[in-house]
$ cat query_35.cif   # mmCIF, C-alpha atoms
data_start
loop_
_atom_site.label_atom_id
_atom_site.label_comp_id
_atom_site.auth_asym_id
_atom_site.auth_seq_id
_atom_site.Cartn_x
_atom_site.Cartn_y
_atom_site.Cartn_z
CA MET A 1 -29.34 17.66 8.24
CA ILE A 2 -27.59 20.99 7.88
CA SER A 3 -29.14 23.15 5.22
CA ASP A 4 -27.33 25.81 3.22
CA ASN A 5 -29.44 28.40 5.02
CA ASP A 6 -28.27 27.27 8.44
CA GLN A 7 -24.91 28.98 8.24
CA THR A 8 -24.72 31.78 10.77
CA GLY A 9 -24.19 32.06 14.50
CA ALA A 10 -22.79 28.57 14.76
CA LYS A 11 -21.23 27.60 18.06
CA PRO A 12 -18.83 24.75 18.78
CA LEU A 13 -20.65 21.46 19.01
CA LEU A 14 -18.14 20.14 21.50
CA SER A 15 -16.47 21.73 24.47
CA ARG A 16 -12.70 21.61 24.47
CA ASP A 17 -10.51 19.98 27.08
CA SER A 18 -7.01 21.05 26.20
CA SER A 19 -5.28 19.78 29.31
CA ILE A 20 -2.52 17.38 28.46
CA SER A 21 -0.25 16.05 31.13
CA ALA A 22 3.42 15.46 30.60
CA GLY A 23 3.16 11.93 31.88
CA SER A 24 5.56 9.15 31.19
CA PHE A 25 5.71 7.50 27.80
CA ASN A 26 5.90 3.72 27.82
CA GLN A 27 7.51 3.18 24.43
CA MET A 28 10.94 1.62 24.61
CA PRO A 29 13.49 3.58 22.56
CA ARG A 30 16.03 1.85 20.42
CA ARG A 31 19.09 0.72 22.34
CA ARG A 32 22.70 1.28 21.39
CA VAL A 33 25.13 -1.62 21.05
CA SER A 34 28.85 -0.83 20.88
CA GLY A 35 28.13 2.77 19.93
CA LYS A 36 25.68 1.82 17.19
CA LEU A 37 21.94 1.67 17.19
CA ALA A 38 20.53 -1.81 17.45
CA LYS A 39 18.22 -3.21 14.82
CA PRO A 40 14.62 -1.96 15.37
CA GLU A 41 12.54 -4.18 17.62
CA ARG A 42 8.82 -4.60 17.23
CA HIS A 43 7.06 -2.02 19.40
CA GLN A 44 4.04 -4.24 19.78
CA SER A 45 3.19 -7.77 18.87
CA PHE A 46 1.13 -8.29 15.73
CA SER A 47 -1.86 -9.36 17.84
CA ARG A 48 -1.71 -6.11 19.79
CA ASP A 49 -1.48 -4.20 16.51
CA ILE A 50 -4.64 -5.94 15.33
CA GLY A 51 -6.37 -5.10 18.60
CA HIS A 52 -5.31 -1.48 18.35
CA ALA A 53 -6.48 -1.30 14.72
CA ALA A 54 -9.85 -2.79 15.70
CA ALA A 55 -10.27 -0.28 18.53
CA GLU A 56 -9.42 2.64 16.25
CA THR A 57 -11.74 1.30 13.55
CA TYR A 58 -14.58 1.19 16.06
CA LEU A 59 -13.77 4.72 17.24
CA LEU A 60 -13.60 6.10 13.70
CA THR A 61 -16.85 4.36 12.76
CA ARG A 62 -18.65 5.83 15.75
CA LEU A 63 -17.28 9.30 15.00
CA THR A 64 -18.25 8.95 11.35
CA ILE A 65 -21.83 8.16 12.32
CA THR A 66 -21.86 11.21 14.59
CA LEU A 67 -20.39 13.34 11.84
CA LEU A 68 -22.98 12.19 9.29
CA ARG A 69 -25.69 13.42 11.64
CA TYR A 70 -24.19 16.88 11.30
CA LEU A 71 -23.67 16.63 7.54
CA GLY A 72 -27.04 15.17 6.65
CA VAL A 73 -27.57 13.31 3.38
CA GLY A 74 -27.82 16.20 0.97
CA TYR A 75 -27.14 15.84 -2.74
CA ARG A 76 -23.76 17.56 -2.50
CA TRP A 77 -22.39 15.13 0.07
CA ILE A 78 -23.82 12.06 -1.66
CA THR A 79 -22.11 13.00 -4.94
CA ARG A 80 -18.82 13.77 -3.20
CA LEU A 81 -18.86 10.50 -1.27
CA ALA A 82 -19.55 8.62 -4.50
CA ALA A 83 -16.69 10.43 -6.23
CA LEU A 84 -14.41 9.63 -3.29
CA GLY A 85 -15.29 5.95 -3.59
CA PHE A 86 -14.45 5.85 -7.30
CA TYR A 87 -11.29 7.88 -6.71
CA ALA A 88 -10.06 5.43 -4.04
CA ALA A 89 -10.92 2.44 -6.26
CA LEU A 90 -8.84 3.80 -9.15
CA LEU A 91 -5.83 4.31 -6.89
CA MET A 92 -6.33 1.04 -5.03
CA PRO A 93 -3.31 -0.75 -6.65
CA GLY A 94 -1.05 1.83 -5.04
CA PHE A 95 -2.97 2.02 -1.78
CA LEU A 96 -2.68 -1.74 -1.27
CA LYS A 97 1.09 -1.63 -1.71
CA VAL A 98 1.40 1.26 0.70
CA ALA A 99 -0.90 -0.47 3.21
CA TYR A 100 1.21 -3.63 3.07
CA TYR A 101 4.32 -1.57 3.80
CA TYR A 102 2.56 0.22 6.65
CA PHE A 103 1.43 -2.93 8.45
CA PHE A 104 4.39 -5.23 7.79
CA SER A 105 7.54 -3.12 7.44
CA SER A 106 10.04 -3.42 10.28
CA GLN A 107 11.13 0.17 9.57
CA ILE A 108 7.93 1.63 11.01
CA ARG A 109 7.33 2.17 14.72
CA ARG A 110 3.57 2.55 14.84
CA SER A 111 1.40 4.30 17.43
CA ILE A 112 4.03 5.68 19.79
CA VAL A 113 2.14 7.47 22.55
CA TYR A 114 3.06 11.15 22.96
CA GLY A 115 0.26 12.36 25.27
CA ASP A 116 -2.71 11.22 27.33
CA GLN A 117 -5.56 12.37 25.07
CA PRO A 118 -7.34 10.13 22.52
CA ARG A 119 -5.30 9.68 19.33
CA ASN A 120 -2.16 11.16 20.90
CA ARG A 121 0.03 8.80 18.88
CA LEU A 122 2.58 9.06 16.13
CA ASP A 123 4.25 6.75 13.62
CA LEU A 124 8.00 6.77 12.98
CA TYR A 125 9.43 5.84 9.57
CA LEU A 126 13.08 4.88 10.00
CA PRO A 127 15.80 4.56 7.35
CA LYS A 128 17.50 1.17 7.03
CA ASN A 129 20.85 2.64 7.96
CA LEU A 130 20.92 4.38 11.33
CA ASP A 131 24.65 4.34 12.00
CA GLU A 132 24.53 8.11 12.58
CA PRO A 133 21.80 10.59 13.58
CA LYS A 134 19.41 11.38 10.73
CA PRO A 135 17.38 14.50 9.92
CA VAL A 136 13.74 14.38 10.99
CA VAL A 137 10.49 15.59 9.44
CA ALA A 138 7.57 16.04 11.86
CA PHE A 139 4.54 15.69 9.58
CA VAL A 140 0.93 16.71 10.31
CA THR A 141 -1.49 15.09 7.88
CA GLY A 142 -4.52 16.70 6.27
CA GLY A 143 -8.13 15.55 6.13
CA ALA A 144 -10.38 18.65 6.24
CA TRP A 145 -10.08 18.70 10.06
CA ILE A 146 -12.46 15.70 9.95
CA ILE A 147 -10.77 12.61 8.46
CA GLY A 148 -7.10 13.24 9.23
CA TYR A 149 -5.10 10.19 10.28
CA LYS A 150 -1.40 9.51 10.80
CA ALA A 151 -1.33 6.66 8.27
CA TRP A 152 -2.13 9.15 5.48
CA GLY A 153 1.56 10.10 5.66
CA CYS A 154 2.76 6.56 4.94
CA LEU A 155 3.77 7.15 1.32
CA LEU A 156 5.72 10.29 2.21
CA GLY A 157 7.30 8.51 5.17
CA GLN A 158 8.38 5.55 3.06
CA GLN A 159 9.88 7.66 0.30
CA LEU A 160 11.74 10.03 2.62
CA ALA A 161 13.04 7.12 4.71
CA GLU A 162 14.57 5.76 1.49
CA ARG A 163 16.58 9.02 1.40
CA ASP A 164 17.86 8.56 4.98
CA ILE A 165 15.30 10.92 6.53
CA ILE A 166 13.20 9.97 9.57
CA VAL A 167 9.53 10.92 9.34
CA ALA A 168 7.25 11.26 12.36
CA CYS A 169 3.55 11.34 11.37
CA ILE A 170 1.55 12.94 14.16
CA ASP A 171 -2.04 11.90 14.77
CA TYR A 172 -4.49 14.29 16.45
CA ARG A 173 -8.13 14.50 17.43
CA ASN A 174 -10.45 15.31 14.52
CA PHE A 175 -13.94 16.77 14.59
CA PRO A 176 -16.33 15.78 16.16
CA GLN A 177 -13.95 14.20 18.69
CA GLY A 178 -12.33 17.60 19.12
CA THR A 179 -12.31 21.14 17.77
CA ILE A 180 -9.48 23.19 16.31
CA GLY A 181 -8.03 24.09 19.71
CA ASP A 182 -7.68 20.39 20.52
CA MET A 183 -6.01 19.74 17.19
CA VAL A 184 -3.46 22.52 17.74
CA THR A 185 -2.78 21.32 21.27
CA ASP A 186 -2.30 17.72 20.12
CA ALA A 187 0.04 18.67 17.28
CA SER A 188 2.12 20.84 19.60
CA GLN A 189 2.37 17.99 22.08
CA GLY A 190 3.50 15.66 19.30
CA ILE A 191 6.17 18.12 18.13
CA SER A 192 7.35 18.47 21.72
CA PHE A 193 7.72 14.70 22.03
CA ILE A 194 9.75 14.58 18.81
CA CYS A 195 12.05 17.44 19.85
CA ASN A 196 12.74 15.87 23.23
CA ASN A 197 12.87 12.16 22.35
CA ILE A 198 13.84 11.68 18.71
CA ALA A 199 17.52 11.12 19.54
CA GLU A 200 16.51 7.85 21.21
CA TYR A 201 15.18 6.63 17.85
CA GLY A 202 18.20 7.62 15.78
CA GLY A 203 17.14 11.16 14.89
CA ASP A 204 19.24 14.30 15.02
CA PRO A 205 17.57 16.78 17.43
CA ASN A 206 19.46 19.60 15.70
CA ARG A 207 17.88 18.82 12.32
CA ILE A 208 14.14 18.77 12.86
CA TYR A 209 11.81 20.04 10.14
CA LEU A 210 8.07 20.66 10.42
CA MET A 211 5.68 19.90 7.56
CA GLY A 212 1.91 19.91 7.13
CA GLN A 213 -0.42 19.15 4.25
CA SER A 214 -3.84 20.76 3.63
CA ALA A 215 -5.62 21.01 7.00
CA GLY A 216 -2.38 19.71 8.54
CA ALA A 217 -0.51 22.68 7.03
CA HIS A 218 -3.03 25.02 8.68
CA ILE A 219 -2.79 23.24 12.04
CA SER A 220 1.02 23.09 12.04
CA ALA A 221 1.24 26.79 11.04
CA CYS A 222 -1.05 27.64 13.97
CA VAL A 223 1.18 25.59 16.29
CA LEU A 224 4.36 27.25 15.05
CA LEU A 225 2.98 30.77 15.39
CA ASP A 226 1.45 30.02 18.81
CA GLN A 227 4.82 28.80 20.04
CA ALA A 228 6.62 31.86 18.64
CA ILE A 229 4.12 34.16 20.37
CA ARG A 230 4.61 32.39 23.68
CA GLU A 231 8.36 32.73 23.38
CA ALA A 232 8.11 36.38 22.32
CA LYS A 233 6.12 37.04 25.51
CA GLY A 234 8.82 35.37 27.57
CA GLU A 235 6.79 32.42 28.80
CA GLU A 236 9.01 29.98 30.63
CA SER A 237 6.76 26.90 30.75
CA ILE A 238 7.53 25.65 27.26
CA SER A 239 8.56 22.11 26.34
CA TRP A 240 9.98 22.90 22.89
CA SER A 241 11.15 25.94 20.97
CA VAL A 242 10.65 27.27 17.45
CA SER A 243 14.44 27.54 17.32
CA GLN A 244 14.52 23.72 17.19
CA ILE A 245 12.68 23.75 13.84
CA LYS A 246 15.08 24.18 10.92
CA THR A 247 12.40 24.89 8.28
CA TYR A 248 8.62 24.81 7.99
CA PHE A 249 7.09 23.27 4.84
CA GLY A 250 3.44 24.09 4.13
CA LEU A 251 1.82 21.99 1.40
CA SER A 252 -1.52 23.15 -0.04
CA GLY A 253 -2.50 24.87 3.19
CA GLY A 254 -5.14 27.43 4.12
CA TYR A 255 -3.80 30.22 6.31
CA ASN A 256 -6.61 32.80 6.36
CA LEU A 257 -9.85 31.09 7.32
CA CYS A 258 -11.78 34.36 7.13
CA LYS A 259 -11.28 34.32 3.36
CA LEU A 260 -11.95 30.61 2.99
CA VAL A 261 -15.14 30.03 4.97
CA ASP A 262 -17.45 30.90 2.06
CA HIS A 263 -15.31 28.94 -0.39
CA PHE A 264 -15.52 25.87 1.83
CA ASN A 265 -19.28 26.31 2.14
CA ASN A 266 -19.62 26.27 -1.64
CA ARG A 267 -17.46 23.15 -1.79
CA GLY A 268 -19.70 21.26 0.67
CA LEU A 269 -17.99 21.99 4.00
CA TYR A 270 -20.99 23.97 5.19
CA ARG A 271 -20.45 27.19 7.06
CA SER A 272 -22.26 26.04 10.21
CA LEU A 273 -20.18 22.85 10.37
CA PHE A 274 -16.92 24.67 9.64
CA LEU A 275 -17.59 27.26 12.33
CA SER A 276 -18.29 24.46 14.79
CA ILE A 277 -14.90 22.93 13.97
CA MET A 278 -13.25 26.35 14.40
CA GLU A 279 -15.03 27.12 17.69
CA GLY A 280 -17.24 29.89 16.33
CA GLU A 281 -16.89 32.75 13.89
CA GLU A 282 -15.19 34.93 16.49
CA SER A 283 -12.30 32.42 16.59
CA LEU A 284 -11.50 32.55 12.88
CA PRO A 285 -8.87 35.33 13.21
CA LEU A 286 -7.25 33.51 16.14
CA TYR A 287 -6.81 30.37 14.04
CA SER A 288 -5.78 32.22 10.87
CA PRO A 289 -1.97 32.56 10.86
CA GLY A 290 -2.19 34.90 7.88
CA VAL A 291 -4.31 37.28 9.96
CA ARG A 292 -2.60 36.82 13.30
CA ILE A 293 0.89 37.70 12.09
CA GLU A 294 -0.42 41.21 11.31
CA ASP A 295 -1.51 41.75 14.93
CA PRO A 296 0.89 44.19 16.66
CA SER A 297 0.17 42.58 20.04
CA ILE A 298 2.24 39.48 19.15
CA GLY A 299 5.43 41.51 19.40
CA ASN A 300 8.49 40.12 17.62
CA ALA A 301 7.02 36.63 17.22
CA VAL A 302 7.36 36.66 13.41
CA SER A 303 11.11 37.28 13.70
CA LEU A 304 11.41 34.05 15.72
CA LEU A 305 9.89 31.88 12.99
CA PRO A 306 12.16 29.48 11.07
CA PRO A 307 12.52 29.71 7.28
CA ILE A 308 9.15 28.98 5.66
CA ILE A 309 8.60 27.23 2.32
CA LEU A 310 5.07 27.06 0.92
CA PHE A 311 4.10 24.64 -1.87
CA HIS A 312 0.82 24.95 -3.76
CA GLY A 313 -0.72 23.84 -7.05
CA THR A 314 -2.31 26.51 -9.21
CA ALA A 315 -5.23 24.18 -10.10
CA ASP A 316 -6.07 23.48 -6.45
CA TYR A 317 -9.83 23.99 -6.03
CA SER A 318 -10.08 22.61 -2.49
CA ILE A 319 -7.83 25.33 -1.08
CA PRO A 320 -7.02 27.88 -3.80
CA SER A 321 -3.39 28.88 -4.27
CA PHE A 322 -4.13 32.48 -3.26
CA SER A 323 -4.05 31.18 0.31
CA SER A 324 -0.32 30.45 0.10
CA LYS A 325 0.34 33.53 -2.05
CA ASP A 326 -1.25 35.88 0.48
CA PHE A 327 0.45 34.21 3.44
CA ALA A 328 3.87 34.33 1.76
CA ALA A 329 3.40 37.98 0.85
CA ALA A 330 2.45 38.91 4.42
CA LEU A 331 5.38 36.96 5.88
CA LYS A 332 7.85 38.61 3.51
CA ARG A 333 6.43 42.04 4.27
CA LEU A 334 7.06 41.41 7.97
CA GLY A 335 10.62 40.25 7.36
CA ALA A 336 10.21 36.48 7.66
CA GLN A 337 12.40 34.29 5.44
CA THR A 338 9.81 32.86 3.08
CA GLU A 339 9.78 31.02 -0.24
CA LEU A 340 6.65 30.37 -2.32
CA ILE A 341 6.77 27.57 -4.89
CA LEU A 342 3.77 27.20 -7.20
CA PHE A 343 3.22 24.17 -9.43
CA ASP A 344 1.38 25.04 -12.60
CA GLY A 345 -1.73 22.95 -13.23
CA LYS A 346 -1.36 20.81 -10.10
CA THR A 347 -4.48 20.01 -8.05
CA HIS A 348 -4.93 19.54 -4.31
CA THR A 349 -4.05 15.85 -4.46
CA ASP A 350 -1.50 15.85 -7.31
CA LEU A 351 1.43 16.93 -5.17
CA PHE A 352 0.69 14.64 -2.24
CA LEU A 353 -0.87 11.55 -3.87
CA GLN A 354 -0.91 11.21 -7.64
CA ASP A 355 2.66 12.40 -8.26
CA PRO A 356 4.22 10.16 -5.56
CA LEU A 357 2.16 7.19 -6.81
CA ARG A 358 3.36 7.92 -10.35
CA GLY A 359 6.99 7.48 -9.33
CA GLY A 360 9.94 8.80 -11.26
CA LYS A 361 11.07 12.41 -10.91
CA ASP A 362 9.04 14.68 -8.66
CA GLU A 363 9.99 18.35 -8.48
CA MET A 364 8.43 19.00 -5.07
CA PHE A 365 9.93 15.87 -3.49
CA ASP A 366 13.36 16.69 -4.92
CA HIS A 367 13.16 20.24 -3.54
CA LEU A 368 12.11 18.94 -0.13
CA VAL A 369 15.03 16.52 0.05
CA ALA A 370 17.51 19.13 -1.22
CA VAL A 371 16.54 21.55 1.56
CA ILE A 372 16.77 18.86 4.25
CA HIS A 373 20.14 17.61 3.01
CA ALA A 374 21.60 21.07 2.33
CA GLY A 375 25.16 21.21 3.65
CA ASP A 376 25.48 17.41 3.84
CA GLU A 377 27.68 16.63 0.86
CA GLU A 378 27.59 12.88 1.43
CA ALA A 379 23.78 12.81 1.55
CA LEU A 380 23.52 15.02 -1.54
CA ALA A 381 25.87 12.69 -3.42
CA LYS A 382 23.67 9.73 -2.49
CA ASP A 383 20.57 11.63 -3.60
CA ALA A 384 22.18 12.24 -7.00
CA LEU A 385 22.67 8.50 -7.43
CA ALA A 386 19.33 7.42 -5.97
CA PRO A 387 17.22 5.27 -8.32
CA PRO A 388 13.92 6.74 -9.58
CA ARG A 389 10.96 6.14 -7.33
CA LYS A 390 8.87 3.15 -8.32
CA ARG A 391 5.55 3.60 -10.10
CA LEU A 392 2.73 2.24 -7.95
CA VAL A 393 -0.32 2.98 -10.16
CA PRO A 394 -0.67 2.78 -13.97
CA GLU A 395 -0.81 6.16 -15.70
CA VAL A 396 -4.28 5.60 -17.14
CA LEU A 397 -5.73 5.08 -13.63
CA LEU A 398 -3.93 8.16 -12.30
CA ARG A 399 -5.40 10.32 -15.05
CA MET A 400 -8.90 8.97 -14.47
CA ALA A 401 -8.53 9.52 -10.70
CA ARG A 402 -7.42 13.10 -11.27
CA HIS A 403 -10.59 13.87 -13.24
CA ILE A 404 -12.94 12.22 -10.77
CA SER A 405 -11.25 13.45 -7.57
CA PRO A 406 -13.70 15.19 -5.19
CA PHE A 407 -10.87 17.28 -3.74
#

$ encode --input "query_35.cif" --output "structure tokens"
Amino acid sequence: MISDNDQTGAKPLLSRDSSISAGSFNQMPRRRVSGKLAKPERHQSFSRDIGHAAAETYLLTRLTITLLRYLGVGYRWITRLAALGFYAALLMPGFLKVAYYYFFSSQIRRSIVYGDQPRNRLDLYLPKNLDEPKPVVAFVTGGAWIIGYKAWGCLLGQQLAERDIIVACIDYRNFPQGTIGDMVTDASQGISFICNNIAEYGGDPNRIYLMGQSAGAHISACVLLDQAIREAKGEESISWSVSQIKTYFGLSGGYNLCKLVDHFNNRGLYRSLFLSIMEGEESLPLYSPGVRIEDPSIGNAVSLLPPIILFHGTADYSIPSFSSKDFAAALKRLGAQTELILFDGKTHTDLFLQDPLRGGKDEMFDHLVAVIHAGDEEALAKDALAPPRKRLVPEVLLRMARHISPF
């Protein structure tokens, strides 16, 4: 068990193997018939899906047991796990509907392989109508760098697909299977696959957007800045470019880990564990985009970044909103095109879970769609006539979940 006193001098618990080959990918893209995309075919049989789910369940169970050895069974974790169980139970009516869609919808291409490392897979959420190339959102899910999983983006994928937007949810190795360097490498490999292959699935390679939520916002920001630095240095061995990303959306992200490590410790993500995930205290600046953009050695990398939009709730106690405020201020000071949108009274999970499950009008979702469809008059006209999103969970359960949420 990790005690509160065991919080200094932590080293990574796992070594990192960041080598990823650019091997062949065995997924069959959608074919064109008479100039139009054919109806989506099943990527795998249902029996293979079940087998894959069983294998991943076994893997996640084994990793969870390993993780619990690091966490111990202290009071703080027991209470948070109990709160998480009640929270999930209250939202279960919505989760079951989303799970049914995830496993049985013909509009989802699940577990497309994008690399040769464990969990190098992504899910594609396709609109019903693919008669012309559609804009694409590459989405990196959150999960405290520990419990992230591509299926967490299912609700966002479903709702954006209803607005004729393709969503690619990228999975990546979590701790203790990998450390932050592995996560950044995996996410970059997934983005590369999307940039170079999305046209085969009906996507428009000239309209690709990058989005991350919570830990996923941190990871995707690291990826974007890393890529910009490589291009600023003139590296030639790159498989995708920041110029291919139209806009970056960061939702409830943490961008300066040096300022967050003590906060996370007080919230139960103990310092020693967090530093193991981040490959040691000396690596915190390297994996803090808010710090790294101030480093003169990166040259003109910031000028290469796409427009950046940061969303954050002012009542977010998991990752306080100052994280996005400080990052936005630093980006603006360095000349990057940046917009900060704060949502008064919204918590860490309101914007990503409770509000989408509530249905109806959603300010953040509407802003997201408006940016993606900007300049497309036909799409904007359809958005104006789109029916309200369906409510998936009764209001009384949503309010109870909000109060009991451990996030």

$ closest_residue --input "query_35.cif" --among "A:Phe311, A:Glu162, A:Val371, A:Asn256" --to "Ala330 in chain A" --atoms "all atoms listed in the file"
A:Asn256

$ closest_residue --input "query_35.cif" --among "A:Pro289, A:Pro205, A:Pro306, A:Pro387" --to "Phe193 in chain A" --atoms "only C-alpha atoms"
A:Pro205

$ residues_around --input "query_35.cif" --residues "Glu339 in chain A" --least-positions-apart "6" --cutoff "10 Å" --atoms "only C-alpha atoms" --output "MDAnalysis selection string"
chainID A and resid 249 307:311 325 328:329 331:332

$ resolve_selection --input "query_35.cif" --expression "the PyMOL selection byres ((chain A and resi 252-255) around 8)" --output "list in words"
Gly212, Gln213, Ser214, Ala215, Gly216, Ala217, His218, Ala221, Gly250, Leu251, Asn256, Leu257, Leu260, Ser288, Pro289, Gly290, Val291, Leu310, Phe311, His312, Gly313, Asp316, Ile319, Ser321, Ser323, Ser324, Phe327 and His348 of chain A

$ closest_residue --input "query_35.cif" --among "A:Ser405, A:Asn129, A:Thr247, A:Thr314" --to "Thr349 in chain A" --atoms "all atoms listed in the file"
A:Ser405

$ resolve_selection --input "query_35.cif" --expression "the PyMOL selection byres ((chain A and resi 140) around 10)" --output "PDB file with C-alpha atoms, in the frame of the given file"
ATOM      1  CA  LEU A 122       2.580   9.060  16.130  1.00  0.00           C
ATOM      2  CA  VAL A 137      10.490  15.590   9.440  1.00  0.00           C
ATOM      3  CA  ALA A 138       7.570  16.040  11.860  1.00  0.00           C
ATOM      4  CA  PHE A 139       4.540  15.690   9.580  1.00  0.00           C
ATOM      5  CA  THR A 141      -1.490  15.090   7.880  1.00  0.00           C
ATOM      6  CA  GLY A 142      -4.520  16.700   6.270  1.00  0.00           C
ATOM      7  CA  GLY A 148      -7.100  13.240   9.230  1.00  0.00           C
ATOM      8  CA  TYR A 149      -5.100  10.190  10.280  1.00  0.00           C
ATOM      9  CA  LYS A 150      -1.400   9.510  10.800  1.00  0.00           C
ATOM     10  CA  TRP A 152      -2.130   9.150   5.480  1.00  0.00           C
ATOM     11  CA  GLY A 153       1.560  10.100   5.660  1.00  0.00           C
ATOM     12  CA  ALA A 168       7.250  11.260  12.360  1.00  0.00           C
ATOM     13  CA  CYS A 169       3.550  11.340  11.370  1.00  0.00           C
ATOM     14  CA  ILE A 170       1.550  12.940  14.160  1.00  0.00           C
ATOM     15  CA  ASP A 171      -2.040  11.900  14.770  1.00  0.00           C
ATOM     16  CA  TYR A 172      -4.490  14.290  16.450  1.00  0.00           C
ATOM     17  CA  ALA A 187       0.040  18.670  17.280  1.00  0.00           C
ATOM     18  CA  GLY A 190       3.500  15.660  19.300  1.00  0.00           C
ATOM     19  CA  ILE A 191       6.170  18.120  18.130  1.00  0.00           C
ATOM     20  CA  LEU A 210       8.070  20.660  10.420  1.00  0.00           C
ATOM     21  CA  MET A 211       5.680  19.900   7.560  1.00  0.00           C
ATOM     22  CA  GLY A 212       1.910  19.910   7.130  1.00  0.00           C
ATOM     23  CA  GLN A 213      -0.420  19.150   4.250  1.00  0.00           C
ATOM     24  CA  SER A 214      -3.840  20.760   3.630  1.00  0.00           C
ATOM     25  CA  ALA A 215      -5.620  21.010   7.000  1.00  0.00           C
ATOM     26  CA  GLY A 216      -2.380  19.710   8.540  1.00  0.00           C
ATOM     27  CA  ALA A 217      -0.510  22.680   7.030  1.00  0.00           C
ATOM     28  CA  HIS A 218      -3.030  25.020   8.680  1.00  0.00           C
ATOM     29  CA  ILE A 219      -2.790  23.240  12.040  1.00  0.00           C
ATOM     30  CA  SER A 220       1.020  23.090  12.040  1.00  0.00           C
ATOM     31  CA  GLY A 250       3.440  24.090   4.130  1.00  0.00           C
TER      32      GLY A 250
END

$ residues_around --input "query_35.cif" --residues "Glu395 in chain A" --least-positions-apart "5" --cutoff "10 Å" --atoms "all atoms listed in the file" --output "PyMOL selection string"
chain A and resi 354+357-358+400-401

$ closest_atom_pairs --input "query_35.cif" --of "range 321-396 of chain A" --to "range 95-100 of chain A" --cutoff "10 Å" --atoms "all atoms listed in the file" --output "tab-separated table"
residue	atom	partner	partner_atom	distance
A:Leu353	CA	A:Phe95	CA	10.0
A:Leu357	CA	A:Phe95	CA	8.9
A:Leu392	CA	A:Lys97	CA	7.5
A:Val393	CA	A:Phe95	CA	8.8

$ atom_distance --input "query_35.cif" --atom1 "CA of Leu284 in chain A" --atom2 "CA of Trp145 in chain A"
14.2 Å

$ atom_distance --input "query_35.cif" --atom1 "CA of Gln227 in chain A" --atom2 "CA of Ser241 in chain A"
7.0 Å

$ residues_around --input "query_35.cif" --residues "Phe365 in chain A" --least-positions-apart "6" --cutoff "10 Å" --atoms "all atoms listed in the file" --output "count of residues only"
7
